[in-house]
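The file upload_8.cif contains mmCIF, C-alpha atoms:
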```cif
data_work
#
loop_
_atom_site.label_atom_id
_atom_site.label_comp_id
_atom_site.auth_asym_id
_atom_site.auth_seq_id
_atom_site.Cartn_x
_atom_site.Cartn_y
_atom_site.Cartn_z
CA MET A 1001 123.57 100.29 -65.41
CA TYR A 1002 126.49 99.17 -67.53
CA HIS A 1003 129.02 97.18 -65.52
CA GLY A 1004 131.53 95.71 -67.95
CA ILE A 1005 134.06 98.43 -68.79
CA HIS A 1006 137.17 99.30 -66.85
CA ASN A 1007 136.94 102.91 -65.75
CA ASN A 1008 140.57 103.94 -66.29
CA LEU A 1009 139.78 104.62 -69.93
CA TYR A 1010 137.25 107.28 -69.00
CA TYR A 1011 138.80 109.64 -66.49
CA MET A 1012 139.14 112.43 -69.08
CA VAL A 1013 135.81 111.88 -70.83
CA MET A 1014 133.61 114.18 -68.75
CA LYS A 1015 134.90 117.74 -68.95
CA SER A 1016 135.73 119.86 -65.93
CA PHE A 1017 134.01 123.23 -65.49
CA PHE A 1018 134.18 126.28 -63.25
CA ILE A 1019 131.83 127.64 -60.61
CA GLY A 1020 133.27 131.04 -59.81
CA ASN A 1021 137.02 130.52 -59.59
CA LYS A 1022 136.69 126.88 -58.52
CA GLU A 1023 137.43 124.15 -61.04
CA ILE A 1024 135.15 121.12 -60.72
CA LYS A 1025 136.96 118.13 -62.23
CA LEU A 1026 133.85 115.95 -62.56
CA PRO A 1027 130.64 117.68 -63.78
CA ILE A 1028 128.48 115.92 -61.18
CA ILE A 1029 126.98 117.69 -58.18
CA GLN A 1030 125.54 115.50 -55.44
CA GLY A 1031 122.12 116.85 -54.51
CA GLY A 1032 121.54 118.06 -50.97
CA MET A 1033 119.19 115.65 -49.18
CA GLY A 1034 117.76 116.20 -45.74
CA VAL A 1035 117.14 115.44 -43.01
CA GLY A 1036 120.46 113.68 -42.38
CA ILE A 1037 120.78 111.91 -45.75
CA SER A 1038 123.65 113.92 -47.22
CA LEU A 1039 126.05 115.06 -44.54
CA SER A 1040 129.85 115.10 -44.38
CA GLY A 1041 130.18 111.36 -45.12
CA LEU A 1042 128.48 111.38 -48.51
CA ALA A 1043 129.60 114.91 -49.43
CA SER A 1044 133.29 114.24 -48.82
CA SER A 1045 133.14 110.97 -50.80
CA VAL A 1046 131.68 112.68 -53.88
CA ALA A 1047 134.17 115.54 -53.51
CA ASN A 1048 137.03 113.02 -53.41
CA GLU A 1049 135.89 111.74 -56.82
CA GLY A 1050 136.15 115.25 -58.29
CA GLY A 1051 132.48 116.29 -58.09
CA ILE A 1052 130.81 118.67 -55.63
CA GLY A 1053 129.71 117.06 -52.40
CA VAL A 1054 126.76 118.77 -50.73
CA ILE A 1055 125.72 118.88 -47.07
CA SER A 1056 122.01 119.45 -46.44
CA CYS A 1057 121.24 122.08 -43.79
CA ALA A 1058 117.71 120.83 -43.17
CA GLY A 1059 117.09 119.63 -39.62
CA LEU A 1060 120.67 119.78 -38.36
CA GLY A 1061 119.38 120.93 -34.98
CA LEU A 1062 117.76 117.51 -34.52
CA LEU A 1063 121.01 115.72 -35.30
CA TYR A 1064 123.10 117.98 -33.04
CA LYS A 1065 121.28 118.34 -29.73
CA GLN A 1066 123.03 120.43 -27.09
CA SER A 1067 121.96 121.09 -23.54
CA PRO A 1068 119.87 123.11 -22.99
CA ARG A 1069 118.05 122.36 -26.22
CA ASP A 1070 117.82 125.27 -28.64
CA TYR A 1071 116.90 124.04 -32.09
CA LEU A 1072 118.03 127.10 -34.04
CA LYS A 1073 121.37 127.39 -32.20
CA ASP A 1074 121.87 123.64 -32.55
CA CYS A 1075 121.42 124.02 -36.34
CA ILE A 1076 124.30 126.53 -36.47
CA TRP A 1077 126.56 124.28 -34.40
CA GLY A 1078 125.59 121.27 -36.50
CA LEU A 1079 126.44 123.01 -39.77
CA LYS A 1080 129.84 124.08 -38.44
CA GLU A 1081 130.54 120.50 -37.32
CA GLU A 1082 129.49 118.93 -40.63
CA ILE A 1083 131.65 121.35 -42.64
CA ARG A 1084 134.58 120.64 -40.29
CA LYS A 1085 134.13 116.87 -40.64
CA ALA A 1086 133.90 117.12 -44.43
CA ARG A 1087 137.09 119.20 -44.55
CA GLU A 1088 138.90 116.52 -42.54
CA LYS A 1089 137.95 113.89 -45.15
CA THR A 1090 138.52 115.76 -48.40
CA LYS A 1091 140.41 118.55 -50.11
CA GLY A 1092 137.69 118.61 -52.78
CA ILE A 1093 134.79 121.00 -53.35
CA ILE A 1094 132.14 121.09 -50.60
CA GLY A 1095 128.79 122.81 -50.90
CA VAL A 1096 125.76 123.22 -48.66
CA ASN A 1097 122.11 123.10 -49.65
CA ILE A 1098 119.95 125.65 -47.84
CA MET A 1099 116.20 125.73 -48.40
CA VAL A 1100 114.87 129.28 -48.71
CA ALA A 1101 111.77 128.05 -46.86
CA LEU A 1102 113.79 127.37 -43.69
CA SER A 1103 112.98 129.78 -40.88
CA ASN A 1104 116.72 129.97 -40.12
CA PHE A 1105 117.75 130.49 -43.76
CA SER A 1106 119.75 133.63 -42.98
CA ASP A 1107 121.61 132.00 -40.05
CA MET A 1108 122.52 129.02 -42.20
CA VAL A 1109 123.77 131.25 -45.04
CA LYS A 1110 125.83 133.42 -42.68
CA THR A 1111 127.32 130.33 -41.01
CA ALA A 1112 128.19 128.67 -44.33
CA ILE A 1113 129.93 131.82 -45.58
CA ALA A 1114 131.78 132.34 -42.28
CA GLU A 1115 132.97 128.70 -42.44
CA LYS A 1116 134.26 129.36 -45.99
CA VAL A 1117 132.18 126.67 -47.66
CA ASP A 1118 132.86 126.51 -51.40
CA VAL A 1119 129.30 126.76 -52.76
CA ILE A 1120 125.82 127.55 -51.43
CA PHE A 1121 122.93 125.93 -53.32
CA ALA A 1122 119.62 127.60 -52.42
CA GLY A 1123 116.18 126.39 -53.52
CA ALA A 1124 112.63 125.70 -52.25
CA GLY A 1125 111.86 129.36 -52.92
CA LEU A 1126 113.71 132.13 -54.75
CA PRO A 1127 116.80 133.32 -52.80
CA LEU A 1128 116.40 136.94 -53.94
CA ASP A 1129 118.66 138.40 -51.23
CA LEU A 1130 121.38 135.72 -51.16
CA PRO A 1131 124.25 137.99 -52.37
CA SER A 1132 123.54 140.41 -49.51
CA TYR A 1133 125.23 137.97 -47.11
CA LEU A 1134 128.59 137.98 -48.89
CA THR A 1135 131.45 139.88 -47.29
CA ASP A 1136 134.54 141.41 -48.87
CA GLU A 1137 136.59 138.44 -47.61
CA SER A 1138 134.22 135.67 -48.69
CA ASN A 1139 134.99 133.31 -51.55
CA THR A 1140 131.76 131.28 -51.40
CA SER A 1141 130.01 130.82 -54.75
CA LEU A 1142 126.24 131.27 -54.94
CA VAL A 1143 124.10 128.89 -57.01
CA PRO A 1144 120.30 129.24 -56.93
CA ILE A 1145 117.99 126.33 -57.75
CA VAL A 1146 115.11 127.22 -60.11
CA SER A 1147 112.38 125.36 -61.98
CA SER A 1148 111.80 127.73 -64.92
CA SER A 1149 113.53 130.20 -67.22
CA ARG A 1150 111.23 132.90 -65.84
CA ALA A 1151 112.53 132.31 -62.31
CA ALA A 1152 116.12 132.31 -63.63
CA ARG A 1153 115.56 135.65 -65.38
CA ILE A 1154 113.88 137.28 -62.37
CA LEU A 1155 116.66 136.14 -60.08
CA CYS A 1156 119.51 137.25 -62.36
CA ASP A 1157 117.91 140.66 -62.87
CA LYS A 1158 117.26 141.16 -59.14
CA TRP A 1159 120.79 140.16 -58.17
CA LYS A 1160 122.30 142.35 -60.89
CA THR A 1161 120.17 145.39 -59.99
CA ASN A 1162 120.38 145.12 -56.21
CA TYR A 1163 123.86 143.67 -55.67
CA ASN A 1164 125.71 143.97 -59.00
CA TYR A 1165 126.19 140.19 -58.78
CA LEU A 1166 125.19 137.35 -61.08
CA PRO A 1167 124.84 133.69 -60.06
CA ASP A 1168 127.98 131.54 -60.20
CA GLY A 1169 125.80 128.78 -61.65
CA ILE A 1170 122.11 127.91 -61.92
CA VAL A 1171 120.66 124.51 -61.01
CA VAL A 1172 117.53 123.77 -63.04
CA GLU A 1173 115.43 121.19 -61.21
CA GLY A 1174 112.77 119.46 -63.29
CA PRO A 1175 109.58 117.70 -62.16
CA LYS A 1176 111.19 114.24 -61.89
CA ALA A 1177 113.27 115.25 -58.87
CA GLY A 1178 112.90 113.83 -55.39
CA GLY A 1179 111.76 115.95 -52.48
CA HIS A 1180 110.09 119.31 -52.95
CA LEU A 1181 109.14 120.28 -56.47
CA GLY A 1182 108.76 123.82 -57.80
CA PHE A 1183 105.74 122.87 -59.89
CA LYS A 1184 102.00 122.72 -59.47
CA LYS A 1185 100.62 119.20 -59.23
CA GLU A 1186 99.09 119.35 -62.72
CA GLN A 1187 102.41 120.45 -64.25
CA ILE A 1188 104.46 117.50 -62.99
CA ASN A 1189 103.48 115.13 -65.82
CA ASP A 1190 102.93 117.85 -68.43
CA SER A 1191 105.58 117.51 -71.18
CA HIS A 1192 105.74 121.32 -71.52
CA TYR A 1193 107.39 121.43 -68.07
CA ALA A 1194 109.83 118.56 -68.69
CA LEU A 1195 113.48 119.20 -67.88
CA GLU A 1196 114.31 118.65 -71.56
CA GLU A 1197 112.14 121.70 -72.34
CA ILE A 1198 113.39 123.92 -69.51
CA ILE A 1199 117.16 123.41 -69.88
CA PRO A 1200 117.55 125.11 -73.32
CA GLU A 1201 115.39 128.01 -72.08
CA VAL A 1202 117.57 128.58 -69.00
CA VAL A 1203 120.74 128.16 -71.09
CA SER A 1204 119.42 131.00 -73.25
CA VAL A 1205 118.91 133.18 -70.16
CA ALA A 1206 122.45 132.40 -68.92
CA LYS A 1207 123.95 133.20 -72.33
CA SER A 1208 122.28 136.61 -72.35
CA TYR A 1209 124.67 137.59 -69.53
CA SER A 1210 127.75 135.98 -71.11
CA GLU A 1211 129.55 139.28 -71.68
CA GLU A 1212 129.47 139.88 -67.92
CA LYS A 1213 129.82 136.34 -66.56
CA ASN A 1214 129.91 132.72 -67.64
CA ILE A 1215 126.98 131.09 -65.79
CA PRO A 1216 127.03 127.27 -66.02
CA VAL A 1217 123.59 125.64 -66.13
CA ILE A 1218 123.23 122.44 -64.12
CA ALA A 1219 120.46 119.96 -64.98
CA ALA A 1220 118.70 118.20 -62.08
CA GLY A 1221 115.76 115.91 -61.44
CA GLY A 1222 115.43 112.25 -62.42
CA ILE A 1223 118.95 111.98 -63.84
CA SER A 1224 120.15 108.45 -63.11
CA THR A 1225 122.52 107.23 -65.85
CA GLY A 1226 125.58 108.34 -67.77
CA GLU A 1227 123.38 108.46 -70.87
CA ASP A 1228 121.11 110.94 -69.06
CA ILE A 1229 124.15 113.09 -68.29
CA SER A 1230 125.21 113.09 -71.93
CA ARG A 1231 121.66 113.87 -73.10
CA PHE A 1232 121.30 116.95 -70.92
CA MET A 1233 124.75 118.17 -71.83
CA SER A 1234 123.72 117.87 -75.49
CA LEU A 1235 120.91 120.32 -74.62
CA GLY A 1236 123.39 122.86 -73.25
CA ALA A 1237 123.83 121.88 -69.59
CA THR A 1238 127.38 122.15 -68.29
CA ALA A 1239 126.89 119.66 -65.47
CA VAL A 1240 124.24 117.63 -63.66
CA GLN A 1241 122.98 117.33 -60.12
CA MET A 1242 122.16 113.81 -58.91
CA GLY A 1243 120.67 112.86 -55.56
CA SER A 1244 118.82 109.55 -55.46
CA ILE A 1245 121.65 107.60 -57.11
CA PHE A 1246 123.89 108.35 -54.10
CA VAL A 1247 121.42 107.18 -51.42
CA PRO A 1248 122.11 103.43 -51.78
CA THR A 1249 125.86 103.92 -51.22
CA GLU A 1250 128.10 102.85 -48.38
CA GLU A 1251 129.04 106.45 -47.68
CA CYS A 1252 125.51 107.91 -47.59
CA ASP A 1253 124.78 109.23 -44.09
CA ALA A 1254 121.29 107.68 -43.85
CA SER A 1255 120.51 104.45 -42.00
CA ASP A 1256 120.63 101.09 -43.76
CA GLU A 1257 116.84 100.84 -43.36
CA PHE A 1258 116.43 104.08 -45.33
CA LYS A 1259 118.74 102.83 -48.09
CA GLN A 1260 116.86 99.52 -48.28
CA THR A 1261 113.62 101.47 -48.87
CA TYR A 1262 115.14 102.57 -52.19
CA ILE A 1263 116.39 99.10 -53.10
CA ASN A 1264 113.09 97.42 -52.22
CA SER A 1265 110.89 99.96 -54.03
CA SER A 1266 109.19 99.54 -57.40
CA GLU A 1267 108.03 102.07 -59.99
CA LYS A 1268 104.48 102.07 -58.60
CA ASP A 1269 105.82 103.14 -55.18
CA MET A 1270 107.00 106.52 -56.52
CA MET A 1271 104.30 109.00 -55.61
CA ILE A 1272 103.52 112.70 -55.28
CA ILE A 1273 102.58 113.83 -51.77
CA GLU A 1274 101.50 117.10 -50.18
CA SER A 1275 104.18 118.67 -47.97
CA PRO A 1276 103.78 121.10 -45.05
CA VAL A 1277 106.33 123.26 -46.90
CA GLY A 1278 103.52 124.12 -49.31
CA MET A 1279 104.97 122.35 -52.33
CA PRO A 1280 104.23 118.94 -53.83
CA GLY A 1281 106.96 116.38 -53.16
CA ARG A 1282 108.03 113.04 -54.60
CA ALA A 1283 108.47 110.20 -52.13
CA ILE A 1284 108.32 106.42 -51.78
CA ASP A 1285 104.94 105.13 -50.64
CA GLY A 1286 104.82 103.49 -47.25
CA GLU A 1287 102.99 103.01 -43.95
CA PHE A 1288 103.59 106.57 -42.71
CA ILE A 1289 102.22 108.20 -45.87
CA ARG A 1290 99.11 106.02 -45.63
CA LYS A 1291 98.64 107.21 -42.02
CA VAL A 1292 99.01 110.82 -43.15
CA ASN A 1293 96.36 110.26 -45.81
CA SER A 1294 94.04 108.87 -43.16
CA GLY A 1295 94.57 112.02 -41.06
CA SER A 1296 96.18 110.26 -38.08
CA GLU A 1297 99.53 112.07 -38.09
CA LYS A 1298 98.41 115.65 -37.42
CA PRO A 1299 100.93 117.46 -35.14
CA LYS A 1300 99.69 118.68 -31.75
CA SER A 1301 102.34 121.41 -31.42
CA CYS A 1302 105.36 122.88 -33.21
CA PRO A 1303 108.56 122.76 -31.12
CA PHE A 1304 110.94 123.62 -33.97
CA HIS A 1305 109.39 126.31 -36.21
CA CYS A 1306 111.70 125.02 -38.93
CA ILE A 1307 109.71 126.11 -42.01
CA LYS A 1308 108.50 129.67 -42.62
CA THR A 1309 105.37 128.52 -44.44
CA CYS A 1310 104.29 125.74 -42.07
CA ASP A 1311 101.25 126.22 -39.83
CA TYR A 1312 101.14 123.14 -37.60
CA GLN A 1313 97.41 123.60 -36.96
CA LYS A 1314 96.74 123.12 -40.69
CA SER A 1315 99.65 120.79 -41.44
CA PRO A 1316 98.95 117.09 -42.19
CA TYR A 1317 102.13 116.06 -40.30
CA CYS A 1318 105.43 117.39 -38.93
CA ILE A 1319 107.83 117.12 -41.85
CA ILE A 1320 111.07 117.54 -39.93
CA LYS A 1321 110.17 114.75 -37.47
CA ALA A 1322 109.08 112.48 -40.32
CA LEU A 1323 112.29 112.98 -42.29
CA TYR A 1324 114.46 112.65 -39.18
CA ASN A 1325 112.74 109.41 -38.17
CA ALA A 1326 113.22 107.98 -41.67
CA ALA A 1327 116.90 108.92 -41.82
CA LYS A 1328 117.39 107.09 -38.50
CA GLY A 1329 115.61 104.00 -39.85
CA ASN A 1330 112.17 104.34 -38.26
CA MET A 1331 110.17 104.04 -41.48
CA LYS A 1332 106.90 103.56 -39.57
CA LYS A 1333 107.23 107.15 -38.35
CA GLY A 1334 108.64 108.69 -41.52
CA TYR A 1335 109.16 108.37 -45.26
CA ALA A 1336 111.84 108.65 -47.92
CA PHE A 1337 111.88 111.42 -50.49
CA ALA A 1338 113.16 110.03 -53.81
CA GLY A 1339 113.55 110.93 -57.47
CA THR A 1340 111.37 109.30 -60.09
CA ASN A 1341 114.01 106.67 -60.96
CA ALA A 1342 115.03 105.75 -57.42
CA TYR A 1343 113.37 102.32 -57.81
CA LEU A 1344 116.16 101.37 -60.26
CA SER A 1345 118.51 100.94 -57.28
CA GLU A 1346 119.86 97.38 -57.21
CA LYS A 1347 122.23 97.15 -54.26
CA ILE A 1348 124.51 99.14 -51.97
CA ARG A 1349 127.61 100.33 -53.81
CA SER A 1350 130.50 102.65 -53.03
CA VAL A 1351 130.36 106.21 -54.33
CA LYS A 1352 133.47 105.42 -56.38
CA GLU A 1353 131.75 102.49 -58.09
CA VAL A 1354 128.61 104.53 -58.84
CA ILE A 1355 130.70 107.23 -60.51
CA GLU A 1356 132.78 104.69 -62.46
CA ILE A 1357 129.57 103.19 -63.85
CA LEU A 1358 128.26 106.66 -64.79
CA LYS A 1359 131.52 107.40 -66.63
CA ALA A 1360 131.29 104.14 -68.56
CA GLU A 1361 127.67 104.75 -69.52
CA TYR A 1362 128.50 108.32 -70.53
CA GLN A 1363 131.27 107.09 -72.83
CA LEU A 1364 128.88 104.67 -74.54
CA SER A 1365 126.14 107.27 -75.03
CA LYS A 1366 125.04 108.37 -78.48
CA TYR A 1367 124.58 112.07 -77.76
CA ASP A 1368 126.86 114.81 -79.08
CA VAL A 1369 127.77 117.00 -76.15
CA LEU A 1370 127.80 120.72 -76.91
CA GLU A 1371 131.14 122.49 -76.68
#
```

This entry written out as structure tokens:
Amino acid sequence: MYHGIHNNLYYMVMKSFFIGNKEIKLPIIQGGMGVGISLSGLASSVANEGGIGVISCAGLGLLYKQSPRDYLKDCIWGLKEEIRKAREKTKGIIGVNIMVALSNFSDMVKTAIAEKVDVIFAGAGLPLDLPSYLTDESNTSLVPIVSSSRAARILCDKWKTNYNYLPDGIVVEGPKAGGHLGFKKEQINDSHYALEEIIPEVVSVAKSYSEEKNIPVIAAGGISTGEDISRFMSLGATAVQMGSIFVPTEECDASDEFKQTYINSSEKDMMIIESPVGMPGRAIDGEFIRKVNSGSEKPKSCPFHCIKTCDYQKSPYCIIKALYNAAKGNMKKGYAFAGTNAYLSEKIRSVKEVIEILKAEYQLSKYDVLE
């Protein structure tokens, strides 16, 4: 990272853009990270810098336990509370990330819309029915997360045909992302599936609807510097989504132990694992993953039914417990999802400092950003 330039020179360098009728001053979206990594603390801090702060819906019922325990009802209460807390801390743009694979996907979408959240980001599956949840009064923008131009085309056509609605933006997540990846294992290191290849293809799909709607394309996955931001904008992206870079920050909602896992990691620690969700995932190697590989973490029951596709009898471990444990700092009983460049983390910084550095790097970059 470049440290030596005073940021005041750069406030106007990165261009604002619109998602629906909402102007985003800084073209950076903070990726939704669960369980308990990006909540109201991190989301409000990024929103205060002009970007979109994103609350992850995954596992909120573990973080908000009521009596008597009811995981699915606790998730609804938890989402309402996190949106409320974020609103108390910022007047900026707040989004929520809702995995399509969640068994309570529809409850989370309905709750987010009822609470008037600014944007819903939906991935880990194609959210083909997402516009059906909108009401006449709602002003929530809908942004699907895809991994290919084919998925973008299918989704746009389905939404247009069934709901006369087109996405308010499309996040394109490449194979260098952290967490769940929309690629087969053999595609992850295949250059044909690189984000640099996919972005222009999805931009082309978005432009084919330009007479009806301007659909910004947002690049995601492995983006870790201002130069990366400039490079993907030169390929036609309007904005970027960044997750891992915001984990080692003061405002990130994870435990210090979780953040230190990033700082203490090296390139060789970044690995692809099998997830009970049914997708490959990128995580930081550690004791828990080695136990999973030895077969000693198989769940005996499933108290949460959090993922539609998960069969605990065939699952190598309980993902929601593992991610919850890690977020709380118990790295022996969990692991950290992370993007491919997460090992570049040097120390804990403020969100403001991270964004100032990105702006400085962006200004120094050699790429010509498309108008």

Inset, instruction - Grab the CA of Asn1330 (chain A) to CA of Gln1260 (chain A) distance for me, in Å with one decimal place. - result: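 Between these atoms lies a distance of 12.1 Å.
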
Inset, instruction - Rank nothing, just name the residue among A:Tyr1324, A:Tyr1335, A:Phe1232, A:Phe1288 nearest to Gly1059 (chain A), using only C-alpha atoms. - result: A:Tyr1324

Inset, instruction - Show which residues sit within 6 Å of region 1170-1179 of chain A, as a list in words. Count all atoms listed in the file, and ignore same-chain residues fewer than 6 positions away. - result: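 Using all atoms listed in the file, the neighbours found are Val1143, Pro1144, Ile1145, Val1146, Ser1147, Ile1188, Leu1195, Val1217, Ile1218, Ala1219, Ala1220, Gly1221, Gly1222, Gly1281, Arg1282, Phe1337, Ala1338, Gly1339 and Thr1340 of chain A.
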
Please save C-alpha atoms of the selected residues as a PDB file, in the coordinates of the input.
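part12.pdb written:
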```pdb
ATOM      1  CA  VAL A1143     124.100 128.890 -57.010  1.00  0.00           C
ATOM      2  CA  PRO A1144     120.300 129.240 -56.930  1.00  0.00           C
ATOM      3  CA  ILE A1145     117.990 126.330 -57.750  1.00  0.00           C
ATOM      4  CA  VAL A1146     115.110 127.220 -60.110  1.00  0.00           C
ATOM      5  CA  SER A1147     112.380 125.360 -61.980  1.00  0.00           C
ATOM      6  CA  ILE A1188     104.460 117.500 -62.990  1.00  0.00           C
ATOM      7  CA  LEU A1195     113.480 119.200 -67.880  1.00  0.00           C
ATOM      8  CA  VAL A1217     123.590 125.640 -66.130  1.00  0.00           C
ATOM      9  CA  ILE A1218     123.230 122.440 -64.120  1.00  0.00           C
ATOM     10  CA  ALA A1219     120.460 119.960 -64.980  1.00  0.00           C
ATOM     11  CA  ALA A1220     118.700 118.200 -62.080  1.00  0.00           C
ATOM     12  CA  GLY A1221     115.760 115.910 -61.440  1.00  0.00           C
ATOM     13  CA  GLY A1222     115.430 112.250 -62.420  1.00  0.00           C
ATOM     14  CA  GLY A1281     106.960 116.380 -53.160  1.00  0.00           C
ATOM     15  CA  ARG A1282     108.030 113.040 -54.600  1.00  0.00           C
ATOM     16  CA  PHE A1337     111.880 111.420 -50.490  1.00  0.00           C
ATOM     17  CA  ALA A1338     113.160 110.030 -53.810  1.00  0.00           C
ATOM     18  CA  GLY A1339     113.550 110.930 -57.470  1.00  0.00           C
ATOM     19  CA  THR A1340     111.370 109.300 -60.090  1.00  0.00           C
TER      20      THR A1340
END
```

Inset, instruction - For each of A:Ile1029, A:Glu1197, A:Arg1084, A:Ile1093, take the minimum atom-to-atom distance to Gln1241 (chain A), counting only C-alpha atoms, then give the residue where this is smallest. - result: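 Among the listed residues, A:Ile1029 lies closest to Gln1241 (chain A).
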
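When you apply the PyMOL selection byres ((chain A and resi 1200) around 10) to this structure, what comes back is A:Ser1149, A:Leu1195, A:Glu1196, A:Glu1197, A:Ile1198, A:Ile1199, A:Glu1201, A:Val1202, A:Val1203, A:Ser1204, A:Val1205, A:Ala1206, A:Val1217, A:Phe1232, A:Ser1234, A:Leu1235, A:Gly1236, A:Ala1237.
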
Could you give me, as a PDB file with C-alpha atoms, in the frame of the given file, the residues within 6 Å of region 1352-1367 of chain A, counting only C-alpha atoms and dropping anything in the same chain fewer than 3 positions from it?
```pdb
ATOM      1  CA  ASN A1007     136.940 102.910 -65.750  1.00  0.00           C
ATOM      2  CA  THR A1225     122.520 107.230 -65.850  1.00  0.00           C
ATOM      3  CA  GLY A1226     125.580 108.340 -67.770  1.00  0.00           C
ATOM      4  CA  GLU A1227     123.380 108.460 -70.870  1.00  0.00           C
ATOM      5  CA  SER A1230     125.210 113.090 -71.930  1.00  0.00           C
ATOM      6  CA  ARG A1231     121.660 113.870 -73.100  1.00  0.00           C
TER       7      ARG A1231
END
```

Given the PyMOL selection byres ((chain A and resi 1024) around 10), the residues it picks as a short mmCIF file (atom, residue, chain, number, x, y, z; two decimals) with C-alpha atoms, in the frame of the given file:
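Result file part07.cif:
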```
data_model
loop_
_atom_site.label_atom_id
_atom_site.label_comp_id
_atom_site.auth_asym_id
_atom_site.auth_seq_id
_atom_site.Cartn_x
_atom_site.Cartn_y
_atom_site.Cartn_z
CA LYS A 1015 134.90 117.74 -68.95
CA SER A 1016 135.73 119.86 -65.93
CA PHE A 1017 134.01 123.23 -65.49
CA PHE A 1018 134.18 126.28 -63.25
CA ILE A 1019 131.83 127.64 -60.61
CA ASN A 1021 137.02 130.52 -59.59
CA LYS A 1022 136.69 126.88 -58.52
CA GLU A 1023 137.43 124.15 -61.04
CA LYS A 1025 136.96 118.13 -62.23
CA LEU A 1026 133.85 115.95 -62.56
CA PRO A 1027 130.64 117.68 -63.78
CA ILE A 1028 128.48 115.92 -61.18
CA ILE A 1029 126.98 117.69 -58.18
CA ALA A 1047 134.17 115.54 -53.51
CA GLY A 1050 136.15 115.25 -58.29
CA GLY A 1051 132.48 116.29 -58.09
CA ILE A 1052 130.81 118.67 -55.63
CA GLY A 1092 137.69 118.61 -52.78
CA ILE A 1093 134.79 121.00 -53.35
CA ALA A 1239 126.89 119.66 -65.47
#
```

Could you state which residues are captured by the PyMOL selection byres ((chain A and resi 1095-1109) around 7) in this file, as a CSV table (one decimal) with C-alpha atoms, in the frame of the given file?
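Final output, out-v4.csv:
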```
chain,number,residue,atom,x,y,z
A,1032,GLY,CA,121.5,118.1,-51.0
A,1052,ILE,CA,130.8,118.7,-55.6
A,1053,GLY,CA,129.7,117.1,-52.4
A,1054,VAL,CA,126.8,118.8,-50.7
A,1055,ILE,CA,125.7,118.9,-47.1
A,1056,SER,CA,122.0,119.4,-46.4
A,1057,CYS,CA,121.2,122.1,-43.8
A,1072,LEU,CA,118.0,127.1,-34.0
A,1076,ILE,CA,124.3,126.5,-36.5
A,1093,ILE,CA,134.8,121.0,-53.4
A,1094,ILE,CA,132.1,121.1,-50.6
A,1110,LYS,CA,125.8,133.4,-42.7
A,1111,THR,CA,127.3,130.3,-41.0
A,1112,ALA,CA,128.2,128.7,-44.3
A,1113,ILE,CA,129.9,131.8,-45.6
A,1117,VAL,CA,132.2,126.7,-47.7
A,1118,ASP,CA,132.9,126.5,-51.4
A,1119,VAL,CA,129.3,126.8,-52.8
A,1120,ILE,CA,125.8,127.6,-51.4
A,1121,PHE,CA,122.9,125.9,-53.3
A,1122,ALA,CA,119.6,127.6,-52.4
A,1123,GLY,CA,116.2,126.4,-53.5
A,1124,ALA,CA,112.6,125.7,-52.2
A,1125,GLY,CA,111.9,129.4,-52.9
A,1126,LEU,CA,113.7,132.1,-54.8
A,1127,PRO,CA,116.8,133.3,-52.8
A,1305,HIS,CA,109.4,126.3,-36.2
A,1306,CYS,CA,111.7,125.0,-38.9
A,1307,ILE,CA,109.7,126.1,-42.0
A,1308,LYS,CA,108.5,129.7,-42.6
A,1309,THR,CA,105.4,128.5,-44.4
```

Inset, instruction - Give me, please, the distance in Å between CA of Met1233 (chain A) and CA of Ala1152 (chain A), quoted to one decimal. - result: 18.5 Å

Legend entry - CA of Lys1321 (chain A) to CA of Gly1334 (chain A), distance in Å rounded to a single decimal: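 According to the coordinates, CA of Lys1321 (chain A) and CA of Gly1334 (chain A) are separated by 7.4 Å.
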
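Of the residues listed (A:Ser1040, A:Ser1138, A:Ser1148, A:Asn1341), A:Ser1148 shows the shortest atom-to-atom separation from Leu1181 (chain A); distances use only C-alpha atoms.
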
Legend entry - Closest of A:Ala1194, A:Asp1228, A:Lys1332, A:Lys1185 to Met1279 (chain A) - atom-to-atom distances counting all atoms listed in the file: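 Nearest candidate to Met1279 (chain A) out of A:Ala1194, A:Asp1228, A:Lys1332, A:Lys1185: A:Lys1185.
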
Legend entry - Using all atoms listed in the file: which of A:Lys1291, A:Lys1089, A:Arg1069, A:Lys1080 has the shortest distance to Ala1114 (chain A): A:Lys1080

Inset, instruction - For Thr1249 (chain A), work out the shell of residues within 9 Å, counting only C-alpha atoms and skipping chain neighbours fewer than 3 positions away, then give it as a list in words. - result: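 Here the answer would be Leu1042, Ile1245, Phe1246, Cys1252, Asp1253, Lys1259, Lys1347, Ile1348, Arg1349, Ser1350, Val1351 and Val1354 of chain A.
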
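If you measure from each of A:Gly1182, A:Pro1276, A:Gly1061, A:Gly1286 to Tyr1262 (chain A) using only C-alpha atoms, the closest one turns out to be A:Gly1286.
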
Show me that you can extract region 1328-1339 of chain A, keeping C-alpha atoms, and write it as a PDB file, in the first residue's frame.
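The result, stored in part12.pdb:
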```pdb
ATOM      1  CA  LYS A1328     -15.965 -14.690  18.377  1.00  0.00           C
ATOM      2  CA  GLY A1329     -12.244 -15.546  18.412  1.00  0.00           C
ATOM      3  CA  ASN A1330     -12.323 -19.310  18.939  1.00  0.00           C
ATOM      4  CA  MET A1331     -10.127 -20.212  15.971  1.00  0.00           C
ATOM      5  CA  LYS A1332      -9.692 -23.795  17.215  1.00  0.00           C
ATOM      6  CA  LYS A1333     -13.395 -24.352  16.548  1.00  0.00           C
ATOM      7  CA  GLY A1334     -13.710 -22.302  13.363  1.00  0.00           C
ATOM      8  CA  TYR A1335     -11.938 -20.676  10.440  1.00  0.00           C
ATOM      9  CA  ALA A1336     -11.721 -17.402   8.547  1.00  0.00           C
ATOM     10  CA  PHE A1337     -12.996 -17.003   5.014  1.00  0.00           C
ATOM     11  CA  ALA A1338     -10.690 -14.625   3.108  1.00  0.00           C
ATOM     12  CA  GLY A1339      -9.967 -13.313  -0.363  1.00  0.00           C
TER      13      GLY A1339
END
```
